[in-house]
Amino acid sequence: MPPRRMQMLSYELATARTWAEIDVDDILFNYRNALKELAPGVKHFTVLKANAYGLGAAPIAKILYEEGARLFAVACVREAVELANVLPKDADILIMGETMPKEMELSLTKGILSTVFTYDTARLLSETASRLGLTARI
């Protein structure tokens with residue numbers, strides 16, 4: 001007997017009955033209330049990893065940028081590049097996870113901040129930046 005196979009649905013059919021409604025006013029309300037908990041002058045990162053936990057990192061980042069956020073944090077280079085492509089240059093984006101060697105050039109050219117966990121990673125990031133004529137932001 002041949003193996004049973006599931007019939008694959010098209011994207012349109014799979015999503016026809018589901019949707020998400022995002023209330024921007026609620027996001028702004030939560031953001032503003034979180035800021036009230038900080039002492040004056042304290043810098044903060046707006047964490048938007050995992051596609052802003054399913055809300056859509058790029059549109060949420062743009063909304064929070066308009067509200068005054070300038071420091072954003074994500075989990076990986078792919079997420080950081082997504083934000084770098086939609087945010088103005090004065091926004092800083094931090095990768096909280098490891099930047100892999102094959103991702104360093106892209107990360108550096110986009111001006112993304114890297115978290116460094118080992119000396120070897122710091123050295124390789126510095127060498128890559130030097131080769132590109134850039135300064136690594138760690």
# chains A, B, ... in the order shown; residues from 1 in each chain; ligands from 1
$ closest_atom_pairs --of "stretch 56-116 of chain A" --to "stretch 125-133 of chain A" --cutoff "7 Å" --atoms "only C-alpha atoms" --output "CSV"
residue,atom,partner,partner_atom,distance
A:Met104,CA,A:Leu125,CA,6.5
A:Glu105,CA,A:Thr128,CA,6.7
A:Leu108,CA,A:Ala129,CA,6.6
$ select_by_dssp --residues "chain A" --states "alpha helix (DSSP H)" --output "ChimeraX atom specification"
/A:11-15,24-36,49-53,57-66,77-84,104-109,119-132
$ atom_distance --atom1 "atom CA of A:Lys62" --atom2 "atom CA of A:Ala39"
24.3 Å
$ residues_around --residues "A:Ala69" --least-positions-apart "6" --cutoff "8 Å" --atoms "only C-alpha atoms" --output "list in words"
Phe45, Thr46 and Ala91 of chain A
$ residues_around --residues "A:Pro88" --least-positions-apart "6" --cutoff "12 Å" --atoms "only C-alpha atoms" --output "ChimeraX atom specification"
/A:58,61-62,65-66,68-71,110-111
$ select_by_dssp --residues "chain A" --states "strand (DSSP E or B)" --output "count of residues only"
16
$ atom_distance --atom1 "atom CA of A:Val116" --atom2 "atom CA of A:Glu98"
6.7 Å
$ residues_around --residues "A:Ser114" --least-positions-apart "6" --cutoff "10 Å" --atoms "only C-alpha atoms" --output "list in words"
Cys76, Val77, Ile93, Leu94, Ile95, Met96, Gly97, Glu98, Thr99, Met104, Ser107, Leu108, Ala122, Leu125, Ala136, Arg137 and Ile138 of chain A
$ write_last_selection --atoms "C-alpha atoms" --output "short mmCIF file (atom, residue, chain, number, x, y, z; two decimals), in the first residue's frame"
data_model
loop_
_atom_site.label_atom_id
_atom_site.label_comp_id
_atom_site.auth_asym_id
_atom_site.auth_seq_id
_atom_site.Cartn_x
_atom_site.Cartn_y
_atom_site.Cartn_z
CA CYS A 76 19.03 37.35 13.84
CA VAL A 77 20.56 39.03 10.80
CA ILE A 93 19.22 47.71 15.16
CA LEU A 94 20.86 45.18 17.48
CA ILE A 95 21.13 41.47 16.73
CA MET A 96 20.72 39.73 20.10
CA GLY A 97 21.85 36.37 18.72
CA GLU A 98 25.11 35.26 17.16
CA THR A 99 26.06 36.76 13.80
CA MET A 104 28.85 39.37 8.77
CA SER A 107 25.28 42.92 8.69
CA LEU A 108 28.24 45.29 8.53
CA ALA A 122 34.88 39.58 17.63
CA LEU A 125 33.87 40.60 12.71
CA ALA A 136 32.15 46.92 13.35
CA ARG A 137 29.44 48.10 15.73
CA ILE A 138 29.40 45.78 18.72
#
$ closest_residue --among "A:Ile22, A:Leu48, A:Leu87, A:Leu113" --to "A:Ala73" --atoms "only C-alpha atoms"
A:Leu48
$ closest_residue --among "A:Arg32, A:Val24, A:Gly41, A:Glu103" --to "A:Ile60" --atoms "only C-alpha atoms"
A:Val24
